[in-house]
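Asker: The following file, start01.txt, comprises compact mmCIF, C-alpha atoms:
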# COMPACT_ATOMS: atom_id res chain seq x y z
CA MET A 1 0.00 0.00 0.00
CA ALA A 2 2.80 2.36 0.98
CA TYR A 3 4.54 1.39 -2.23
CA LEU A 4 1.40 2.26 -4.19
CA THR A 5 1.04 5.68 -2.58
CA GLY A 6 4.71 6.34 -3.27
CA GLU A 7 4.20 5.40 -6.89
CA THR A 8 1.17 7.66 -7.34
CA GLN A 9 2.99 10.50 -5.69
CA SER A 10 6.06 10.20 -7.90
CA SER A 11 3.98 9.93 -11.07
CA HIS A 12 2.05 13.00 -9.91
CA VAL A 13 5.33 14.88 -9.43
CA ARG A 14 6.45 13.71 -12.83
CA SER A 15 3.34 14.94 -14.64
CA GLN A 16 3.67 18.26 -12.81
CA ALA A 17 7.33 18.45 -13.81
CA GLU A 18 6.49 17.86 -17.46
CA GLN A 19 4.51 21.09 -17.47
CA CYS A 20 7.53 23.05 -16.22
CA VAL A 21 9.95 22.32 -19.06
CA PRO A 22 11.60 23.75 -21.13
CA LEU A 23 13.50 26.09 -18.84
CA THR A 24 15.35 29.24 -19.83
CA GLU A 25 19.12 29.03 -19.80
CA SER A 26 19.37 31.16 -16.64
CA THR A 27 16.74 29.10 -14.84
CA TYR A 28 18.43 25.83 -15.77
CA LEU A 29 21.78 27.01 -14.43
CA ILE A 30 20.22 28.44 -11.26
CA MET A 31 18.45 25.14 -10.56
CA LEU A 32 21.67 23.22 -11.15
CA SER A 33 23.32 25.37 -8.47
CA LEU A 34 20.47 24.74 -6.05
CA ILE A 35 21.00 20.99 -5.78
CA GLN A 36 22.68 22.11 -2.55
CA PRO A 37 21.25 24.86 -0.32
CA MET A 38 22.70 28.20 -1.31
CA HIS A 39 21.95 31.91 -0.96
CA GLY A 40 21.21 34.18 -3.92
CA TYR A 41 24.64 35.69 -4.40
CA GLY A 42 26.20 32.25 -3.96
CA VAL A 43 24.12 31.02 -6.91
CA MET A 44 25.31 33.96 -9.03
CA GLN A 45 28.92 33.03 -8.31
CA GLU A 46 28.26 29.34 -8.85
CA VAL A 47 26.66 29.96 -12.27
CA LYS A 48 29.59 32.15 -13.28
CA GLU A 49 32.00 29.40 -12.23
CA LEU A 50 30.02 26.56 -13.87
CA THR A 51 29.97 28.36 -17.22
CA GLY A 52 33.53 29.64 -17.03
CA GLY A 53 32.31 33.23 -16.80
CA VAL A 54 30.15 33.03 -19.94
CA VAL A 55 26.83 33.37 -18.10
CA ARG A 56 26.81 36.08 -15.46
CA LEU A 57 23.50 36.70 -13.77
CA GLY A 58 22.39 40.08 -12.53
CA PRO A 59 20.76 40.42 -9.09
CA GLY A 60 17.38 41.31 -10.66
CA THR A 61 17.40 38.25 -12.87
CA MET A 62 18.47 36.20 -9.87
CA TYR A 63 15.69 37.54 -7.64
CA GLY A 64 13.07 37.18 -10.37
CA ALA A 65 14.07 33.57 -10.96
CA LEU A 66 14.06 32.75 -7.23
CA THR A 67 10.59 34.28 -6.89
CA ALA A 68 9.20 32.43 -9.91
CA LEU A 69 10.77 29.12 -8.89
CA GLN A 70 9.34 29.47 -5.40
CA GLU A 71 5.89 30.29 -6.75
CA ARG A 72 6.02 27.19 -8.92
CA ARG A 73 7.24 25.16 -5.94
CA MET A 74 10.44 24.04 -7.64
CA ILE A 75 12.60 25.51 -4.86
CA GLU A 76 11.99 26.35 -1.21
CA SER A 77 13.76 28.57 1.27
CA VAL A 78 15.62 26.91 4.11
CA GLU A 79 17.24 28.22 7.28
CA PRO A 80 20.96 28.76 6.73
CA ALA A 81 22.92 25.92 8.33
CA GLU A 82 25.66 28.17 9.70
CA PRO A 83 26.34 31.89 9.90
CA VAL A 84 27.68 33.34 6.68
CA ASP A 85 31.37 34.19 6.90
CA GLY A 86 33.04 37.54 6.24
CA ALA A 87 31.83 37.69 2.65
CA GLY A 88 28.26 37.81 3.94
CA ARG A 89 29.00 41.06 5.73
CA GLY A 90 27.62 39.91 9.05
CA ARG A 91 24.06 39.19 7.92
CA GLN A 92 22.47 35.84 7.39
CA ARG A 93 21.25 35.30 3.89
CA LYS A 94 18.15 33.36 3.01
CA GLU A 95 19.07 30.05 1.41
CA TYR A 96 17.20 28.08 -1.20
CA VAL A 97 17.21 24.46 -2.30
CA LEU A 98 15.43 22.33 -4.91
CA THR A 99 12.20 20.58 -3.94
CA ASP A 100 11.32 17.08 -5.16
CA LEU A 101 9.45 18.72 -8.03
CA GLY A 102 12.47 20.89 -8.81
CA ARG A 103 14.74 17.87 -8.90
CA GLU A 104 12.36 16.11 -11.28
CA VAL A 105 12.14 19.17 -13.55
CA LEU A 106 15.91 19.44 -13.63
CA LYS A 107 16.23 15.76 -14.56
CA LEU A 108 13.70 16.14 -17.37
CA GLU A 109 15.35 19.29 -18.70
CA GLN A 110 18.81 17.73 -18.57
CA ALA A 111 17.52 14.72 -20.52
CA ARG A 112 15.80 16.99 -23.05
CA LEU A 113 18.95 19.04 -23.66
CA GLN A 114 21.03 15.87 -23.86
CA LYS A 115 18.70 14.48 -26.51
CA LEU A 116 18.81 17.70 -28.51
CA ALA A 117 22.61 17.73 -28.36
CA ASP A 118 22.77 14.06 -29.42
CA ILE A 119 20.48 14.68 -32.38
CA GLY A 120 22.56 17.69 -33.36
CA ARG A 121 25.81 15.79 -33.21
CA GLU A 122 24.37 12.89 -35.19
CA VAL A 123 23.05 15.11 -37.98
CA MET A 124 26.22 17.15 -38.22
CA GLU A 125 28.46 14.09 -38.28
CA ARG A 126 26.33 12.64 -41.06
CA GLY A 127 26.63 15.95 -42.89
CA THR A 128 30.43 15.98 -42.74
CA THR A 129 30.87 12.35 -43.81
CA GLN A 130 28.62 12.84 -46.83
CA SER A 131 30.45 15.90 -48.14
CA MET B 1 11.24 69.44 -19.28
CA ALA B 2 13.28 69.25 -16.09
CA ARG B 3 12.60 72.04 -13.66
CA HIS B 4 14.51 72.73 -10.50
CA SER B 5 11.86 73.62 -8.02
CA HIS B 6 14.07 73.77 -5.01
CA ASP B 7 17.79 73.99 -4.46
CA ARG B 8 19.72 73.71 -1.24
CA ASP B 9 23.32 73.11 -0.44
CA ASN B 10 23.18 69.38 0.03
CA SER B 11 19.91 68.34 -1.48
CA ARG B 12 18.08 69.21 -4.58
CA THR B 13 14.63 68.34 -5.91
CA VAL B 14 14.06 68.03 -9.62
CA VAL B 15 10.61 67.80 -11.15
CA ARG B 16 10.53 65.43 -14.04
CA LEU B 17 7.99 63.04 -15.44
CA PHE B 18 8.96 59.81 -17.18
CA THR B 19 6.34 57.55 -18.66
CA GLY B 20 7.90 54.30 -17.51
CA LEU B 21 7.94 53.13 -21.11
CA ALA B 22 11.62 53.72 -21.66
CA ASN B 23 13.56 53.00 -18.50
CA ASP B 24 16.91 53.41 -20.24
CA GLU B 25 16.21 57.12 -20.73
CA GLU B 26 15.53 57.59 -17.04
CA GLU B 27 18.52 55.46 -16.04
CA GLU B 28 20.80 57.47 -18.30
CA TRP B 29 19.53 60.74 -16.85
CA LEU B 30 20.13 59.52 -13.28
CA SER B 31 23.61 58.39 -14.23
CA LYS B 32 24.36 61.82 -15.68
CA MET B 33 23.04 63.57 -12.56
CA ASP B 34 25.30 61.35 -10.46
CA ALA B 35 28.30 62.08 -12.65
CA ASP B 36 27.55 65.78 -12.05
CA GLY B 37 27.71 65.12 -8.31
CA TRP B 38 24.05 64.51 -7.49
CA ARG B 39 23.11 61.11 -6.15
CA LEU B 40 19.50 59.90 -6.19
CA ALA B 41 18.11 59.70 -2.66
CA LYS B 42 14.34 59.62 -3.05
CA ARG B 43 11.73 59.42 -5.73
CA GLY B 44 8.23 60.93 -5.62
CA TRP B 45 5.36 60.97 -8.08
CA ALA B 46 6.99 63.35 -10.56
CA TRP B 47 10.02 64.48 -8.65
CA TYR B 48 13.42 63.21 -7.67
CA VAL B 49 15.40 64.18 -4.59
CA PHE B 50 19.16 64.17 -5.00
CA THR B 51 21.84 64.59 -2.39
CA ARG B 52 25.28 65.96 -3.06
CA ARG B 53 27.80 63.17 -3.43
CA PRO B 54 30.38 63.24 -0.64
CA ALA B 55 33.58 64.94 -1.76
CA GLY B 56 36.38 62.51 -2.48
CA GLU B 57 34.01 59.72 -3.42
CA ARG B 58 34.38 60.50 -7.07
CA SER B 59 35.46 57.45 -9.05
CA MET B 60 36.93 57.32 -12.51
CA GLU B 61 33.97 55.32 -13.74
CA ARG B 62 30.57 56.78 -14.27
CA PRO B 63 27.98 55.38 -11.87
CA ILE B 64 25.28 53.20 -13.36
CA TYR B 65 21.60 53.26 -12.47
CA ARG B 66 19.11 50.48 -13.14
CA MET B 67 15.39 50.22 -12.46
CA ASP B 68 13.24 47.24 -11.68
CA PHE B 69 9.52 46.97 -11.00
CA TRP B 70 7.89 44.83 -8.33
CA PRO B 71 4.36 46.05 -7.52
CA GLN B 72 3.85 44.29 -4.19
CA SER B 73 6.66 45.45 -1.96
CA SER B 74 6.74 42.44 0.31
CA ALA B 75 9.20 41.28 2.91
CA HIS B 76 10.87 39.42 0.05
CA MET B 77 12.22 42.71 -1.22
CA ASP B 78 14.79 42.55 1.57
CA ASP B 79 16.15 39.45 -0.10
CA TYR B 80 16.45 41.30 -3.41
CA VAL B 81 18.22 44.22 -1.74
CA ALA B 82 20.64 41.80 -0.03
CA ILE B 83 21.46 39.96 -3.27
CA ALA B 84 21.95 43.26 -5.08
CA ARG B 85 24.21 44.57 -2.31
CA ASP B 86 26.34 41.43 -2.49
CA ALA B 87 26.67 41.97 -6.24
CA GLY B 88 27.79 45.57 -5.79
CA TRP B 89 24.46 47.35 -6.30
CA GLU B 90 23.05 49.81 -3.80
CA HIS B 91 19.27 50.07 -3.46
CA VAL B 92 18.92 53.86 -3.41
CA ALA B 93 15.21 54.57 -3.80
CA ALA B 94 11.81 52.96 -4.16
CA TYR B 95 8.52 54.43 -5.25
CA ASN B 96 5.21 52.82 -6.14
CA GLY B 97 6.77 49.50 -7.12
CA TRP B 98 9.79 51.01 -8.82
CA HIS B 99 13.16 50.18 -7.36
CA TYR B 100 16.34 52.09 -8.16
CA PHE B 101 19.74 50.49 -7.96
CA ARG B 102 23.07 52.24 -8.20
CA HIS B 103 26.42 50.73 -9.12
CA GLY B 104 29.60 52.66 -8.56
CA GLY B 105 30.98 51.55 -11.90
CA GLY B 106 34.19 49.68 -12.49
CA ALA B 107 35.07 47.49 -15.43
CA SER B 108 35.54 44.29 -13.43
CA GLU B 109 31.96 44.22 -12.25
CA PHE B 110 29.06 43.12 -14.37
CA PRO B 111 26.89 46.20 -14.91
CA GLU B 112 23.42 44.73 -15.30
CA VAL B 113 20.63 44.10 -12.83
CA LEU B 114 18.52 42.24 -15.37
CA SER B 115 21.03 40.18 -17.29
CA ASP B 116 18.81 38.28 -19.71
CA ARG B 117 15.99 39.22 -22.01
CA GLU B 118 13.49 36.97 -20.25
CA SER B 119 13.83 38.93 -17.04
CA GLN B 120 13.66 42.28 -18.86
CA VAL B 121 10.44 41.18 -20.54
CA ALA B 122 9.13 39.96 -17.18
CA LYS B 123 9.67 43.42 -15.68
CA TYR B 124 7.50 45.12 -18.31
CA ARG B 125 4.94 42.34 -18.01
CA ARG B 126 4.63 43.03 -14.26
CA LEU B 127 4.28 46.72 -15.02
CA LEU B 128 1.59 46.12 -17.61
CA ARG B 129 -0.30 43.79 -15.28
CA ALA B 130 -0.20 46.29 -12.41
CA THR B 131 -1.49 49.08 -14.66
CA THR B 132 -4.25 46.95 -16.11
CA ALA B 133 -5.35 46.24 -12.53
CA LEU B 134 -5.84 50.01 -12.11
CA TRP B 135 -8.04 50.14 -15.19
CA ILE B 136 -10.96 48.34 -13.63
CA PRO B 137 -11.47 50.66 -10.62
CA ALA B 138 -10.90 53.65 -12.92
CA SER B 139 -13.64 52.45 -15.27
CA VAL B 140 -15.99 51.84 -12.35
CA VAL B 141 -15.45 55.38 -11.03
CA MET B 142 -16.20 56.75 -14.48
CA LEU B 143 -19.39 54.71 -14.84
CA ILE B 144 -20.60 55.84 -11.41
CA ASN B 145 -19.96 59.43 -12.42
CA LEU B 146 -21.80 58.87 -15.66
CA SER B 147 -24.88 57.40 -14.01
CA ARG B 148 -24.94 60.18 -11.42
CA LEU B 149 -24.74 62.76 -14.15
CA ASN B 150 -27.88 61.37 -15.79
CA ARG B 151 -29.83 60.80 -12.64
CA THR B 152 -28.96 63.90 -10.76
CA ALA B 153 -31.42 66.72 -10.48
CA ALA B 154 -28.57 68.95 -9.46
CA THR B 155 -28.12 72.21 -11.24
CA GLY B 156 -25.63 74.97 -11.14
CA LEU B 157 -22.32 74.41 -9.39
CA VAL B 158 -23.02 70.84 -8.23
CA ARG B 159 -23.84 69.78 -11.75
CA LYS B 160 -20.71 71.48 -13.00
CA ILE B 161 -18.65 69.50 -10.48
CA TYR B 162 -20.24 66.26 -11.72
CA VAL B 163 -19.49 67.16 -15.32
CA ALA B 164 -15.91 68.10 -14.46
CA GLY B 165 -15.51 64.80 -12.60
CA TRP B 166 -16.80 62.91 -15.59
CA TRP B 167 -14.40 64.61 -17.99
CA GLY B 168 -11.56 64.13 -15.53
CA SER B 169 -12.17 60.40 -15.31
CA ALA B 170 -12.55 60.20 -19.07
CA ALA B 171 -9.21 61.93 -19.59
CA VAL B 172 -7.46 59.64 -17.12
CA LEU B 173 -9.01 56.61 -18.76
CA VAL B 174 -7.95 57.68 -22.25
CA LEU B 175 -4.41 58.44 -21.07
CA MET B 176 -4.16 55.08 -19.37
CA GLY B 177 -5.51 53.43 -22.49
CA CYS B 178 -2.86 55.05 -24.69
CA TRP B 179 -0.14 54.15 -22.21
CA THR B 180 -1.29 50.53 -21.97
CA ILE B 181 -1.43 50.11 -25.74
CA ARG B 182 2.05 51.57 -26.14
CA MET B 183 3.36 49.36 -23.36
CA TRP B 184 1.77 46.32 -24.95
CA ILE B 185 3.40 47.13 -28.30
CA LEU B 186 6.76 47.64 -26.61
CA LEU B 187 6.42 44.32 -24.82
CA ARG B 188 5.54 42.49 -28.02
CA ARG B 189 8.58 44.02 -29.72
CA LEU B 190 10.83 43.00 -26.82
CA GLU B 191 9.49 39.47 -26.86
CA LYS B 192 10.11 39.09 -30.58
CA ARG B 193 13.60 40.58 -30.65
Kindly transcribe the structure held in the file into structure tokens.

Answerer:
Amino acid sequence: MAYLTGETQSSHVRSQAEQCVPLTESTYLIMLSLIQPMHGYGVMQEVKELTGGVVRLGPGTMYGALTALQERRMIESVEPAEPVDGAGRGRQRKEYVLTDLGREVLKLEQARLQKLADIGREVMERGTTQS
Amino acid sequence: MARHSHDRDNSRTVVRLFTGLANDEEEEWLSKMDADGWRLAKRGWAWYVFTRRPAGERSMERPIYRMDFWPQSSAHMDDYVAIARDAGWEHVAAYNGWHYFRHGGGASEFPEVLSDRESQVAKYRRLLRATTALWIPASVVMLINLSRLNRTAATGLVRKIYVAGWWGSAAVLVLMGCWTIRMWILLRRLEKR
């Protein structure tokens, strides 16, 4: 019975997640950073690092994305585990982390992008061998 | 159309009306004021209060101003202000949903508050939605005025006041209509770009 409820719940999450993709590039990268709890500015730095400085998010874009993701229940705010160090300038920052739905959305989006990239590579390789 | 209504040693009020349709014009003007030594401190309906920038704080780079719009100023705004501060932006003023951020300049820092087109579009969408929400009460007020005008037995001054009220509401409604249509066109253009 417990197994059944679990199953229904996960398929419910999955169908909800399907309505949330595709994500914008910024949103995808923000969600990737929020696999672990992190505060807003931390995410901005993480995205910059992940993309080698190619994608740099502004604070307004960051805040807008956090608000939208929270409204759509893909992330939730959590209490910071420990006081922020010197870089936090003495104030605790609100931290965010992916919800189960967020995790599912991220998985779906990653698979979708992977598939698109695979198709692209296949077609282009075919193109070069023919010419 | 800027008019200096009031000048003092350390603060200055400038009357100026921007439509909200082209934020870059307003941002550029604020940046220029700052470069001239006047830093935005407060915003009112059609006026801006500037304070004199402390001497010696002049940097080589020109300060940058950016605007964002969030109609419901909730407790969440604190979070925005904190993120912006971490990223080098100072939240200098807020008025009626508009938020003004100032960056001291400097080539190493990224000079945008809204760094992708999706979030820029989202800002104007919030603005359009907030204005459209004003439309409905405005229309109701006008309809009430209209019905009173027809039903009233008032003559003379009272009737004149009713008529003036009706024309006033009509003018506001038409202005808001023009603004909304222009904003909608702007938004469509932004979305397609």

Asker: For Val47 of chain A, list every protein, DNA or RNA residue within 9 Å, evaluated using only C-alpha atoms, and leave out those in the same chain fewer than 4 positions away; present the list as a list in words.

Answerer: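 Here the qualifying residues turn out to be Ser26, Leu29, Ile30, Leu32, Ser33, Gly42, Val43, Thr51, Gly52, Gly53, Val54, Val55, Arg56 and Leu57 of chain A.
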
Asker: Between atom CA of Tyr63 of chain A and atom CA of Tyr100 of chain B, what distance in Å does the model show, to one decimal?

Answerer: 14.6 Å

Asker: For atom CA of Phe50 of chain B and atom CA of Ser115 of chain B, determine how far apart the two atoms are, in Å to one decimal place.

Answerer: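 Distance reported for this atom pair: 27.0 Å.
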
Asker: What lies within 12 Å of Arg43 of chain B using all atoms listed in the file, ignoring chain neighbours under 4 positions off, as number ranges by chain?

Answerer: B: 12-18, 30, 39, 47-51, 67, 92-100

Asker: Would you kindly report the residues of chain A within 8 Å of chain B, using only C-alpha atoms, as an MDAnalysis selection string?

Answerer: chainID A and resid 24 26 40:41 56:61 63:64 88 93:94

Asker: Counting all atoms listed in the file, what is within 12 Å of Gly165 of chain B, bar same-chain residues fewer than 6 positions away, as a list in words?

Answerer: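 Close residues of Gly165 of chain B: Val141, Met142, Leu143, Ile144, Asn145, Leu146, Arg148, Leu149, Val158, Arg159, Ala171 and Val172 of chain B.
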
Asker: Could you give me, as number ranges by chain, the residues that sit within 12 Å of (19.3, 61.2, -16.5) in the file's coordinates, counting all atoms listed in the file?

Answerer: B: 1-2, 14, 16-18, 22-36, 38-40, 48, 50, 63-66

Asker: To one decimal place, how far is atom CA of Gln72 of chain B from atom CA of Leu175 of chain B in Å?

Answerer: 23.5 Å

Asker: Using only C-alpha atoms, can you tell me which of B:Met176, B:Lys160, B:Asn10, B:Ala41 comes closest to Pro54 of chain B?

Answerer: B:Asn10

Asker: Taking 5 positions as the minimum chain separation for residues in the same chain, which residues sit within 10 Å of segment 74-78 of chain A when counting all atoms listed in the file? Answer as a PyMOL selection string.

Answerer: chain A and resi 17+20+31+34-35+37-39+66-69+94-106

Asker: Could you work out an axis-aligned box for segment 79-96 of chain B, taking every atom the file lists and adding 5 Å on each side, and report centre and edge lengths in Å to one decimal, as JSON?

Answerer:
{"center_x": 16.5, "center_y": 47.0, "center_z": -3.2, "size_x": 32.6, "size_y": 25.1, "size_z": 16.3}

Asker: Pick from A:Gln19, A:Arg14, A:Arg126, A:Tyr28: nearest to Leu113 of chain A, with only C-alpha atoms counted?

Answerer: A:Tyr28
